[in-house]
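Printed here is run36.cif (mmCIF, C-alpha atoms and all ligand atoms):
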```
data_target
loop_
_atom_site.label_atom_id
_atom_site.label_comp_id
_atom_site.auth_asym_id
_atom_site.auth_seq_id
_atom_site.Cartn_x
_atom_site.Cartn_y
_atom_site.Cartn_z
CA ARG N 684 145.00 142.61 300.55
CA PHE N 685 142.94 140.89 297.84
CA GLU N 686 141.76 144.08 296.11
CA ALA N 687 144.04 143.41 293.16
CA VAL N 688 142.43 140.05 292.38
CA ASP N 689 140.60 140.32 289.07
CA HIS N 690 137.35 138.54 288.46
CA LYS N 691 138.00 135.81 285.90
CA PRO N 692 134.84 135.16 283.90
CA LEU N 693 133.92 131.58 283.05
CA GLY N 694 135.16 130.43 279.66
CA GLY N 695 134.59 127.55 277.26
CA PRO N 696 131.73 125.05 277.48
CA PHE N 697 131.02 125.82 281.15
CA LYS N 698 130.25 129.45 280.29
CA ILE N 699 127.70 128.31 277.70
CA GLU N 700 126.25 125.81 280.16
CA ALA N 701 125.69 128.56 282.75
CA ALA N 702 124.05 130.82 280.14
CA TYR N 703 121.78 127.97 279.02
CA ARG N 704 120.69 127.25 282.57
CA GLY N 705 119.85 130.92 283.11
CA ASP N 706 117.62 131.08 280.00
CA THR N 707 113.92 130.69 280.83
CA SER N 708 112.71 130.17 277.23
CA GLU N 709 110.82 126.95 276.59
CA ASP N 710 112.49 126.65 273.20
CA LYS N 711 116.03 126.59 274.54
CA VAL N 712 118.42 123.94 273.24
CA ASN N 713 121.74 123.02 274.81
CA LEU N 714 124.37 122.17 272.19
CA GLY N 715 127.22 123.45 274.36
CA ILE N 716 128.92 121.12 276.78
CA GLY N 717 130.09 117.69 275.66
CA ALA N 718 127.93 115.43 277.77
CA TYR N 719 125.73 112.64 276.40
CA ARG N 720 121.96 113.12 276.57
CA ASP N 721 119.25 110.60 275.72
CA ASP N 722 116.42 111.28 273.30
CA ALA N 723 114.48 112.95 276.09
CA GLY N 724 117.39 115.36 276.60
CA GLN N 725 118.31 113.78 279.94
CA PRO N 726 121.66 112.55 281.31
CA TRP N 727 121.92 108.80 280.72
CA LEU N 728 123.01 106.33 283.36
CA LEU N 729 124.61 103.55 281.30
CA PRO N 730 122.90 100.20 282.05
CA SER N 731 126.39 98.67 282.42
CA VAL N 732 127.28 101.27 285.05
CA ALA N 733 123.95 100.79 286.86
CA GLU N 734 124.60 97.04 286.95
CA ALA N 735 128.16 97.54 288.20
CA LYS N 736 126.90 99.69 291.07
CA LYS N 737 124.35 97.01 292.01
CA ARG N 738 127.08 94.40 292.15
CA MET N 739 129.33 96.62 294.26
CA ASP N 740 127.22 96.29 297.41
CA LEU N 741 127.42 100.04 297.98
CA PRO N 742 126.08 100.19 301.56
CA SER N 743 129.05 98.18 302.80
CA CYS N 744 131.72 99.78 300.57
CA THR N 745 134.48 101.26 302.72
CA HIS N 746 136.33 104.44 301.82
CA GLU N 747 139.96 103.61 302.49
CA TYR N 748 142.92 105.34 300.84
CA SER N 749 144.10 103.83 297.57
CA PRO N 750 147.86 103.45 296.98
CA LEU N 751 149.42 106.73 295.81
CA HIS N 752 149.62 105.55 292.18
CA GLY N 753 145.95 104.50 292.25
CA LEU N 754 144.11 101.20 292.21
CA ASP N 755 145.96 98.45 290.34
CA ALA N 756 142.64 96.66 289.88
CA PHE N 757 141.59 99.66 287.77
CA ILE N 758 144.87 100.65 286.13
CA GLU N 759 145.62 97.27 284.57
CA PRO N 760 142.33 96.72 282.74
CA ALA N 761 142.35 100.43 281.78
CA ARG N 762 145.76 99.93 280.15
CA ARG N 763 144.58 96.70 278.46
CA LEU N 764 141.68 98.62 277.00
CA VAL N 765 144.04 101.13 275.39
CA PHE N 766 146.51 98.63 273.95
CA GLY N 767 144.20 95.68 273.34
CA ALA N 768 144.56 92.06 274.41
CA GLU N 769 147.16 91.26 271.75
CA LEU N 770 149.59 94.14 272.27
CA ASP N 771 149.19 94.70 276.00
CA PRO N 772 151.27 91.79 277.35
CA GLU N 773 154.15 92.80 275.10
CA ILE N 774 154.05 96.49 275.93
CA ALA N 775 153.05 96.43 279.62
CA PRO N 776 156.61 96.13 281.05
CA PHE N 777 157.54 99.35 279.23
CA VAL N 778 154.55 101.37 280.40
CA ALA N 779 154.42 103.58 283.49
CA SER N 780 150.76 103.89 284.44
CA MET N 781 148.91 105.65 287.17
CA GLN N 782 145.34 106.57 288.00
CA THR N 783 144.53 110.26 287.50
CA VAL N 784 141.75 112.75 288.08
CA SER N 785 140.21 111.96 284.70
CA GLY N 786 141.75 113.13 281.41
CA THR N 787 142.43 116.64 282.73
CA GLY N 788 144.48 115.20 285.58
CA ALA N 789 146.44 113.02 283.15
CA ASN N 790 147.12 115.99 280.84
CA SER N 791 148.27 118.14 283.76
CA ILE N 792 150.57 115.49 285.19
CA ILE N 793 152.23 114.75 281.86
CA ALA N 794 152.79 118.49 281.29
CA LYS N 795 154.44 118.84 284.70
CA PHE N 796 156.44 115.63 284.24
CA LEU N 797 157.80 116.67 280.82
CA ALA N 798 158.65 120.14 282.10
CA ARG N 799 160.59 118.63 284.97
CA TRP N 800 162.35 115.73 283.25
CA ILE N 801 162.46 116.19 279.46
CA GLN N 802 162.18 119.95 279.04
CA PRO N 803 160.95 120.10 275.46
CA GLN N 804 161.22 123.61 274.06
CA GLN N 805 157.74 123.54 272.54
CA ILE N 806 154.47 121.70 272.88
CA TRP N 807 152.55 121.53 269.61
CA LEU N 808 148.77 121.66 269.92
CA PRO N 809 146.31 121.39 267.03
CA ALA N 810 145.20 124.92 266.08
CA GLN N 811 141.68 123.89 267.01
CA THR N 812 141.62 121.96 270.24
CA TRP N 813 139.79 121.51 273.52
CA ASP N 814 139.89 124.95 275.13
CA ASN N 815 141.50 123.50 278.26
CA HIS N 816 144.61 122.17 276.47
CA PRO N 817 146.52 125.46 276.13
CA HIS N 818 145.43 126.41 279.63
CA ILE N 819 146.74 123.12 281.08
CA TRP N 820 150.12 123.49 279.39
CA ARG N 821 150.58 127.17 280.30
CA GLN N 822 149.61 126.55 283.89
CA ASN N 823 151.61 123.38 284.46
CA ALA N 824 154.60 123.86 282.21
CA PRO N 825 155.18 127.61 281.78
CA ALA N 826 158.70 127.05 280.47
CA ILE N 827 157.42 125.07 277.49
CA GLN N 828 156.27 127.28 274.65
CA VAL N 829 152.77 126.51 273.35
CA ARG N 830 152.66 126.36 269.54
CA ASP N 831 149.84 125.57 267.10
CA TYR N 832 149.95 123.23 264.14
CA PRO N 833 147.34 123.65 261.37
CA TYR N 834 144.45 121.24 261.74
CA TYR N 835 141.18 122.38 260.24
CA ASP N 836 140.74 123.70 256.72
CA GLN N 837 137.89 126.18 256.89
CA LYS N 838 137.32 126.08 253.15
CA THR N 839 136.89 122.35 252.78
CA CYS N 840 135.74 121.60 256.36
CA SER N 841 138.34 118.85 256.45
CA LEU N 842 141.80 118.11 257.86
CA ASP N 843 144.57 120.41 256.68
CA PHE N 844 146.96 117.49 256.48
CA ALA N 845 149.45 119.18 254.16
CA GLY N 846 149.60 122.22 256.46
CA LEU N 847 150.00 120.04 259.53
CA MET N 848 152.90 118.06 258.06
CA ALA N 849 154.65 121.06 256.51
CA THR N 850 154.51 123.10 259.72
CA LEU N 851 155.83 120.32 261.92
CA GLU N 852 158.48 119.39 259.36
CA ARG N 853 159.67 123.00 259.23
CA ASP N 854 159.22 124.33 262.76
CA ALA N 855 159.19 121.43 265.22
CA LYS N 856 162.50 121.07 266.98
CA GLU N 857 164.02 117.76 267.85
CA GLY N 858 162.62 116.65 271.20
CA ASP N 859 159.52 118.87 271.11
CA ALA N 860 156.25 117.48 272.46
CA ILE N 861 153.07 117.19 270.41
CA LEU N 862 149.48 116.65 271.44
CA LEU N 863 147.29 114.43 269.26
CA HIS N 864 143.64 113.52 269.79
CA ALA N 865 143.46 109.72 269.55
CA CYS N 866 140.01 109.83 267.94
CA ALA N 867 136.92 112.06 267.66
CA HIS N 868 138.91 115.28 267.61
CA ASN N 869 137.39 117.92 269.89
CA PRO N 870 136.10 120.35 268.58
CA THR N 871 136.17 119.55 264.85
CA GLY N 872 135.09 115.89 264.75
CA ILE N 873 137.75 115.32 262.07
CA ASP N 874 140.42 112.63 262.47
CA PRO N 875 143.37 111.72 260.26
CA THR N 876 142.92 108.63 258.07
CA GLU N 877 145.00 105.52 258.86
CA ASN N 878 147.51 106.45 256.16
CA GLN N 879 147.77 109.97 257.52
CA TRP N 880 148.35 108.59 261.04
CA LYS N 881 151.18 106.48 259.60
CA ASP N 882 152.84 109.59 258.16
CA ILE N 883 152.40 111.52 261.40
CA ALA N 884 154.00 108.65 263.36
CA LEU N 885 156.99 108.60 260.98
CA LEU N 886 157.44 112.35 261.32
CA CYS N 887 157.25 112.20 265.12
CA GLU N 888 159.80 109.40 265.11
CA LYS N 889 162.12 111.26 262.77
CA LYS N 890 161.95 114.43 264.87
CA ARG N 891 162.18 112.45 268.11
CA MET N 892 159.04 114.19 269.31
CA PHE N 893 157.30 113.09 272.48
CA VAL N 894 153.67 112.38 271.64
CA VAL N 895 150.85 113.02 274.09
CA PHE N 896 147.63 111.29 273.04
CA ASP N 897 144.45 112.62 274.53
CA SER N 898 142.08 109.68 274.50
CA ALA N 899 138.69 110.83 275.76
CA TYR N 900 136.38 108.96 273.39
CA GLN N 901 137.49 105.34 273.05
CA GLY N 902 134.42 103.33 272.03
CA PHE N 903 132.24 106.40 272.22
CA ALA N 904 133.26 107.71 268.81
CA SER N 905 132.57 104.72 266.58
CA GLY N 906 130.99 102.26 269.00
CA ASN N 907 134.08 100.07 268.55
CA LEU N 908 136.83 100.09 271.19
CA ASP N 909 139.52 98.76 268.84
CA LYS N 910 138.80 101.13 266.00
CA ASP N 911 138.97 104.17 268.29
CA ALA N 912 142.35 103.05 269.66
CA TRP N 913 143.86 102.41 266.23
CA SER N 914 146.07 105.50 266.20
CA ILE N 915 147.60 104.75 269.60
CA ARG N 916 148.17 101.08 268.78
CA HIS N 917 149.79 102.07 265.52
CA PHE N 918 152.24 104.39 267.29
CA ALA N 919 153.04 101.49 269.62
CA THR N 920 154.31 99.51 266.62
CA HIS N 921 157.25 101.94 266.42
CA PRO N 922 159.50 100.58 269.19
CA ASP N 923 161.47 103.80 269.57
CA LEU N 924 158.53 106.15 269.73
CA GLU N 925 157.92 107.19 273.31
CA PHE N 926 154.49 108.57 274.06
CA ALA N 927 151.85 109.15 276.68
CA VAL N 928 148.15 108.35 276.71
CA CYS N 929 145.79 110.52 278.76
CA GLN N 930 142.78 108.28 279.21
CA SER N 931 139.39 109.52 280.33
CA PHE N 932 136.30 107.48 281.21
CA SER N 933 134.05 110.54 281.47
CA LYS N 934 132.30 110.05 278.14
CA ASN N 935 132.52 106.35 277.36
CA LEU N 936 131.24 105.33 280.81
CA GLY N 937 129.24 108.50 281.43
CA LEU N 938 131.22 109.02 284.65
CA TYR N 939 131.69 112.75 284.05
CA GLY N 940 131.64 114.01 287.62
CA GLU N 941 133.48 111.04 289.12
CA ARG N 942 136.78 112.00 287.46
CA VAL N 943 137.99 108.58 286.34
CA GLY N 944 141.13 108.39 284.24
CA ALA N 945 144.66 107.17 283.83
CA LEU N 946 148.01 108.27 282.45
CA HIS N 947 150.14 105.74 280.61
CA ILE N 948 153.69 106.62 279.55
CA VAL N 949 155.14 104.23 277.00
CA THR N 950 158.94 104.17 277.08
CA SER N 951 161.19 102.90 274.31
CA ARG N 952 160.80 99.14 273.94
CA ASN N 953 164.59 99.06 274.00
CA ALA N 954 164.63 100.51 277.52
CA THR N 955 164.87 98.30 280.60
CA PRO N 956 161.63 97.90 282.58
CA SER N 957 163.28 99.74 285.49
CA VAL N 958 162.84 102.94 283.44
CA ALA N 959 159.05 102.62 283.59
CA LEU N 960 159.22 102.01 287.33
CA ALA N 961 161.37 105.09 287.87
CA ILE N 962 158.98 107.19 285.77
CA ARG N 963 156.02 106.01 287.77
CA SER N 964 157.74 106.94 291.01
CA GLN N 965 158.22 110.50 289.68
CA LEU N 966 154.61 110.72 288.53
CA VAL N 967 153.55 109.69 292.02
CA GLU N 968 155.81 112.40 293.47
CA ILE N 969 154.14 115.08 291.32
CA HIS N 970 150.65 113.75 291.97
CA ARG N 971 151.24 113.63 295.73
CA GLY N 972 151.86 117.38 295.76
CA GLU N 973 148.74 118.03 293.68
CA VAL N 974 145.91 115.82 294.91
CA SER N 975 147.69 112.96 296.73
CA ILE N 976 145.52 110.23 295.23
CA ALA N 977 142.88 110.12 292.50
CA PRO N 978 139.35 109.44 293.83
CA ALA N 979 138.44 105.78 294.23
CA PHE N 980 134.70 105.44 293.77
CA GLY N 981 134.37 105.98 290.02
CA ALA N 982 137.48 103.90 289.39
CA ARG N 983 135.86 101.02 291.27
CA VAL N 984 132.75 101.33 289.11
CA ALA N 985 134.93 101.32 285.98
CA THR N 986 136.86 98.30 287.26
CA THR N 987 133.63 96.38 287.74
CA VAL N 988 132.54 97.15 284.18
CA LEU N 989 135.93 96.34 282.68
CA THR N 990 136.48 93.08 284.53
CA SER N 991 133.08 91.40 284.59
CA GLU N 992 132.46 89.62 281.31
CA GLU N 993 128.73 90.06 281.43
CA ILE N 994 128.80 93.77 282.34
CA PHE N 995 131.52 94.39 279.77
CA SER N 996 129.24 92.96 277.05
CA GLN N 997 126.47 95.25 278.23
CA TRP N 998 128.93 98.16 278.01
CA LEU N 999 129.71 97.31 274.39
CA GLU N 1000 125.99 97.59 273.68
CA ASP N 1001 125.82 100.89 275.56
CA LEU N 1002 128.64 102.27 273.42
CA VAL N 1003 126.88 101.21 270.23
CA LEU N 1004 123.67 102.80 271.45
CA MET N 1005 125.31 106.15 272.32
CA SER N 1006 127.40 106.39 269.17
CA GLY N 1007 124.42 105.19 267.11
CA ARG N 1008 122.14 107.90 268.48
CA ILE N 1009 124.80 110.50 267.71
CA LYS N 1010 125.17 109.25 264.13
CA ALA N 1011 121.40 109.23 263.69
CA MET N 1012 121.20 112.84 264.92
CA ARG N 1013 123.97 113.92 262.55
CA GLN N 1014 121.99 112.38 259.71
CA ALA N 1015 118.73 113.96 260.87
CA LEU N 1016 120.30 117.43 261.04
CA TYR N 1017 121.87 116.97 257.63
CA ASP N 1018 118.59 115.75 256.08
CA GLU N 1019 116.70 118.71 257.51
CA LEU N 1020 119.24 121.22 256.18
CA VAL N 1021 119.15 119.60 252.74
CA ALA N 1022 115.34 119.58 252.77
CA LEU N 1023 115.34 123.29 253.64
CA GLY N 1024 117.82 123.99 250.84
CA THR N 1025 120.06 125.78 253.33
CA PRO N 1026 122.84 127.50 251.35
CA GLY N 1027 126.23 125.78 251.51
CA SER N 1028 127.31 122.17 251.75
CA TRP N 1029 126.48 120.34 254.99
CA LYS N 1030 128.09 117.01 254.16
CA HIS N 1031 130.69 117.58 256.87
CA VAL N 1032 127.99 117.18 259.53
CA VAL N 1033 127.66 113.49 258.65
CA GLU N 1034 131.30 112.96 257.83
CA GLN N 1035 132.65 114.17 261.17
CA THR N 1036 132.85 111.73 264.04
CA GLY N 1037 132.25 111.70 267.79
CA MET N 1038 130.40 114.01 270.05
CA PHE N 1039 130.94 117.27 268.22
CA SER N 1040 130.32 118.90 264.91
CA TYR N 1041 132.17 121.97 263.76
CA THR N 1042 129.28 123.47 261.87
CA GLY N 1043 131.12 126.26 260.07
CA LEU N 1044 128.84 128.92 261.60
CA SER N 1045 130.67 132.15 262.44
CA THR N 1046 130.84 133.69 265.91
CA ASP N 1047 128.29 136.31 264.82
CA GLN N 1048 125.93 133.62 263.59
CA VAL N 1049 126.38 131.75 266.88
CA THR N 1050 125.34 134.93 268.73
CA VAL N 1051 122.14 135.11 266.67
CA MET N 1052 121.47 131.41 267.32
CA GLN N 1053 121.61 132.17 271.04
CA GLU N 1054 119.86 135.54 271.16
CA LYS N 1055 117.09 134.91 268.67
CA PHE N 1056 116.59 131.12 268.93
CA HIS N 1057 117.88 130.26 272.43
CA ILE N 1058 120.20 127.66 270.93
CA TYR N 1059 123.46 127.42 272.86
CA MET N 1060 126.70 126.43 271.15
CA LEU N 1061 130.38 127.39 271.35
CA PRO N 1062 131.48 130.67 269.70
CA THR N 1063 133.69 128.62 267.36
CA GLY N 1064 130.57 127.09 265.80
CA ARG N 1065 131.00 123.77 267.62
CA ILE N 1066 127.84 121.95 268.57
CA SER N 1067 127.52 118.94 270.81
CA ILE N 1068 125.43 116.55 268.72
CA CYS N 1069 124.26 114.92 271.96
CA GLY N 1070 121.99 117.90 272.59
CA LEU N 1071 120.01 117.12 269.43
CA ARG N 1072 116.92 114.91 269.60
CA ASP N 1073 113.88 114.06 267.54
CA ALA N 1074 111.94 116.80 269.32
CA ASN N 1075 114.35 119.66 268.52
CA VAL N 1076 116.35 118.78 265.40
CA LYS N 1077 113.88 120.48 263.02
CA TYR N 1078 113.92 123.62 265.15
CA VAL N 1079 117.73 123.69 265.19
CA ALA N 1080 117.90 123.14 261.40
CA ARG N 1081 115.42 125.97 260.79
CA ALA N 1082 117.47 128.27 263.04
CA ILE N 1083 120.69 127.41 261.16
CA ASP N 1084 118.88 127.98 257.88
CA ASN N 1085 117.72 131.36 259.13
CA VAL N 1086 121.12 132.60 260.31
CA VAL N 1087 122.87 131.37 257.18
CA ARG N 1088 120.46 133.28 254.94
CA GLU N 1089 120.65 136.52 256.91
C1 LIG N 1101 133.69 119.69 276.28
O1 LIG N 1101 134.63 119.94 275.50
O2 LIG N 1101 132.58 120.23 276.21
C2 LIG N 1101 133.90 118.67 277.37
O3 LIG N 1101 135.06 117.96 277.16
C3 LIG N 1101 133.74 119.23 278.73
C4 LIG N 1101 134.91 120.02 279.21
O4 LIG N 1101 135.48 119.66 280.25
O5 LIG N 1101 135.26 121.02 278.60
#
```

Show the structure stored in the file as structure tokens.
Amino acid sequence: RFEAVDHKPLGGPFKIEAAYRGDTSEDKVNLGIGAYRDDAGQPWLLPSVAEAKKRMDLPSCTHEYSPLHGLDAFIEPARRLVFGAELDPEIAPFVASMQTVSGTGANSIIAKFLARWIQPQQIWLPAQTWDNHPHIWRQNAPAIQVRDYPYYDQKTCSLDFAGLMATLERDAKEGDAILLHACAHNPTGIDPTENQWKDIALLCEKKRMFVVFDSAYQGFASGNLDKDAWSIRHFATHPDLEFAVCQSFSKNLGLYGERVGALHIVTSRNATPSVALAIRSQLVEIHRGEVSIAPAFGARVATTVLTSEEIFSQWLEDLVLMSGRIKAMRQALYDELVALGTPGSWKHVVEQTGMFSYTGLSTDQVTVMQEKFHIYMLPTGRISICGLRDANVKYVARAIDNVVRE
């Protein structure tokens, strides 16, 4: 009876990861999946996370069910992190929050929730986005049409802000939903400026669009938690703008496989707080049919980091270290390319932010990088800067130089 089931090949970063693992070359370099690596190319256990686990007395930890909406001890500091100490007390009564299976879980639940309760005609995604975004929306909200708004200008390797605004102004319908990356846009590494964010917020307000922020890199992008939440906090200054934040702790706490995240839905600040409570009850209803409850362990680790003053200070240092190493590797790659006289401008490598760089290499060039040099990156030309280190950055630069000149 299953003869008709097609084999679905792996896609996206996990396909590249599998290919990298299968390569036996000693020269191989993994610039595919977005996971932090230290300068020895190894996964990094954050000292703050290691300390949190020590304090948790793991041998005697029990494994009871959490409440269906998740652990309050986790959700509240997670929400405070997004909105900041100043804004959080004011906004909290209007926010429906729940713990989710990392950012993917939050994205899926908001898609299902909007499809069920708001029924926007279209969800607008940036033309370049995380490969899972369109998949999540098609799978969870098939009645909502997935549309693209211009994001990346190939010619200038920068944000196509005029195209973005003109397209939404012209084609977005009142009540549509829109996905925005809060910071460190994946895959391009290009974010709007503060003034551009202000214009986007005004447009969303005018069109009564429902904004979904994907926030996967708070603190990881710049090393500063407040700076990386600026866009979200700015939108919160518009009391009528209703929006959601899909929060992931995969990157900023290095808790990739533990699936730690939260969904926060901010209702109009003119609504009564009972609206947020009703929304949360419906989120719980959806979540119950999906996974019942988000896993507890990683959320407990995150709670310990977020709520212990001393560990939190260590975490701030960890964030500066990770983002600092990434910036240093951007600079090193840029310097090498300039020293080699590689044709083209490479300034964008240092100007982009976060984990990824959109190099500008074509799919054909990416194939040569992989086949000839054993360097693994996404077909779009995206590299994860975290895979670069002192020991391989010259090799990668020489390979780029070679493919560009061919
Ligand atoms: C990536 O874009 O490489 C990461 O966010 C990992 C993933 O889940 O795709």

Open item on the list: Please list, as a ChimeraX atom specification, the residues that have an atom at most 8 Å away from (144.2, 120.5, 261.3) in the coordinates of this file, counting all atoms listed in the file.
Closed with: /N:809-811,832-836,841-844,846-847

Can you write just those residues out, C-alpha atoms, as a compact mmCIF listing (two decimals), in the frame of the given file?
```txt
# COMPACT_ATOMS: atom_id res chain seq x y z
CA PRO N 809 146.31 121.39 267.03
CA ALA N 810 145.20 124.92 266.08
CA GLN N 811 141.68 123.89 267.01
CA TYR N 832 149.95 123.23 264.14
CA PRO N 833 147.34 123.65 261.37
CA TYR N 834 144.45 121.24 261.74
CA TYR N 835 141.18 122.38 260.24
CA ASP N 836 140.74 123.70 256.72
CA SER N 841 138.34 118.85 256.45
CA LEU N 842 141.80 118.11 257.86
CA ASP N 843 144.57 120.41 256.68
CA PHE N 844 146.96 117.49 256.48
CA GLY N 846 149.60 122.22 256.46
CA LEU N 847 150.00 120.04 259.53
```

Within 6 Å of ligand LIG 1101 (chain N), which residues of chain N come that close, and what is the closest atom pair and distance in Å for each? Count only C-alpha atoms and all ligand atoms and give it as CSV.
```
residue,atom,partner,partner_atom,distance
N:Pro696,CA,N:LIG1101,O2,5.1
N:Ile716,CA,N:LIG1101,O2,3.8
N:Gly717,CA,N:LIG1101,O2,3.6
N:Trp813,CA,N:LIG1101,O1,5.7
```

Using 9 Å as the limit and counting only C-alpha atoms, can you tabulate each residue of segment 937-1011 of chain N that touches segment 789-803 of chain N, with its shortest atom-to-atom distance in Å and the two atoms involved, as a tab-separated table?
```
residue	atom	partner	partner_atom	distance
N:Gly944	CA	N:Ala789	CA	7.1
N:Ala945	CA	N:Ala789	CA	6.2
N:Leu946	CA	N:Ala789	CA	5.1
N:His947	CA	N:Ala789	CA	8.6
N:Ile948	CA	N:Ile793	CA	8.6
N:Ile962	CA	N:Phe796	CA	8.9
N:Gln965	CA	N:Phe796	CA	7.7
N:Leu966	CA	N:Phe796	CA	6.8
N:Ile969	CA	N:Ile792	CA	7.1
N:His970	CA	N:Ile792	CA	7.0
```

Open item on the list: Please determine, counting only C-alpha atoms, which residue among N:Pro750, N:Pro1026, N:Gly1037, N:Gly724 has the shortest atom-to-atom distance to Asn935 of chain N.
Closed with: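 When distances to Asn935 of chain N are compared using only C-alpha atoms, the smallest one comes from N:Gly1037.
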
- [ ] Would you kindly return, as a PyMOL selection string, each protein, DNA or RNA residue with an atom no farther than 12 Å from any atom of Glu1000 of chain N, considering all atoms listed in the file and excluding same-chain residues fewer than 6 positions away?
- [x] chain N and resi 729-731+902-903+906-908+935-936+993-994+1006-1007

Task: atom CA of Pro817 of chain N to atom CA of Ile699 of chain N, distance in Å rounded to a single decimal - done: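 Value for the atom CA of Pro817 of chain N-atom CA of Ile699 of chain N distance: 19.1 Å.
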
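With distances restricted to all atoms listed in the file, N:His752 is the closest residue to Glu968 of chain N from N:His752, N:Arg942, N:Arg684, N:His1057.
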
Task: Straight-line distance linking atom CA of Asp882 of chain N with atom CA of Asp897 of chain N, stated in Å to one decimal - done: 18.6 Å

- [ ] Go through N:Lys856, N:Arg971, N:Lys1077, N:Lys1030 and flag the residue nearest Phe893 of chain N, using all atoms listed in the file for the distances.
- [x]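 Closest residue, counting all atoms listed in the file: N:Lys856.
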
Residue contacts of Phe1039 of chain N (9 Å, all atoms listed in the file) excluding same-chain residues fewer than 4 positions away, as a PDB file with C-alpha atoms, in the frame of the given file:
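File written: result21.pdb
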```pdb
ATOM      1  CA  GLY N 717     130.090 117.690 275.660  1.00  0.00           C
ATOM      2  CA  ALA N 867     136.920 112.060 267.660  1.00  0.00           C
ATOM      3  CA  HIS N 868     138.910 115.280 267.610  1.00  0.00           C
ATOM      4  CA  ASN N 869     137.390 117.920 269.890  1.00  0.00           C
ATOM      5  CA  PRO N 870     136.100 120.350 268.580  1.00  0.00           C
ATOM      6  CA  THR N 871     136.170 119.550 264.850  1.00  0.00           C
ATOM      7  CA  GLY N 872     135.090 115.890 264.750  1.00  0.00           C
ATOM      8  CA  GLN N1035     132.650 114.170 261.170  1.00  0.00           C
ATOM      9  CA  ARG N1065     131.000 123.770 267.620  1.00  0.00           C
ATOM     10  CA  ILE N1066     127.840 121.950 268.570  1.00  0.00           C
ATOM     11  CA  SER N1067     127.520 118.940 270.810  1.00  0.00           C
ATOM     12  CA  ILE N1068     125.430 116.550 268.720  1.00  0.00           C
ATOM     13  CA  CYS N1069     124.260 114.920 271.960  1.00  0.00           C
TER      14      CYS N1069
END
```

- [ ] Please provide as a list in words all residues within 7 Å of Asn713 of chain N, with the sequence filter that same-chain residues fewer than 4 positions apart are discarded (counting all atoms listed in the file).
- [x] Tyr703, Ile1058, Tyr1059 and Gly1070 of chain N

Using C-alpha atoms, can you export the residues from the last selection as a CSV table (one decimal), in the frame of the given file?
```csv
chain,number,residue,atom,x,y,z
N,703,TYR,CA,121.8,128.0,279.0
N,1058,ILE,CA,120.2,127.7,270.9
N,1059,TYR,CA,123.5,127.4,272.9
N,1070,GLY,CA,122.0,117.9,272.6
```

Open item on the list: Let me make sure I understand: among N:Leu851, N:Pro922, N:Arg1081, N:Val1051, which one has the smallest atom-to-atom distance to Val1021 of chain N if we use all atoms listed in the file?
Closed with: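 Of N:Leu851, N:Pro922, N:Arg1081, N:Val1051, the one nearest Val1021 of chain N, counting all atoms listed in the file, is N:Arg1081.
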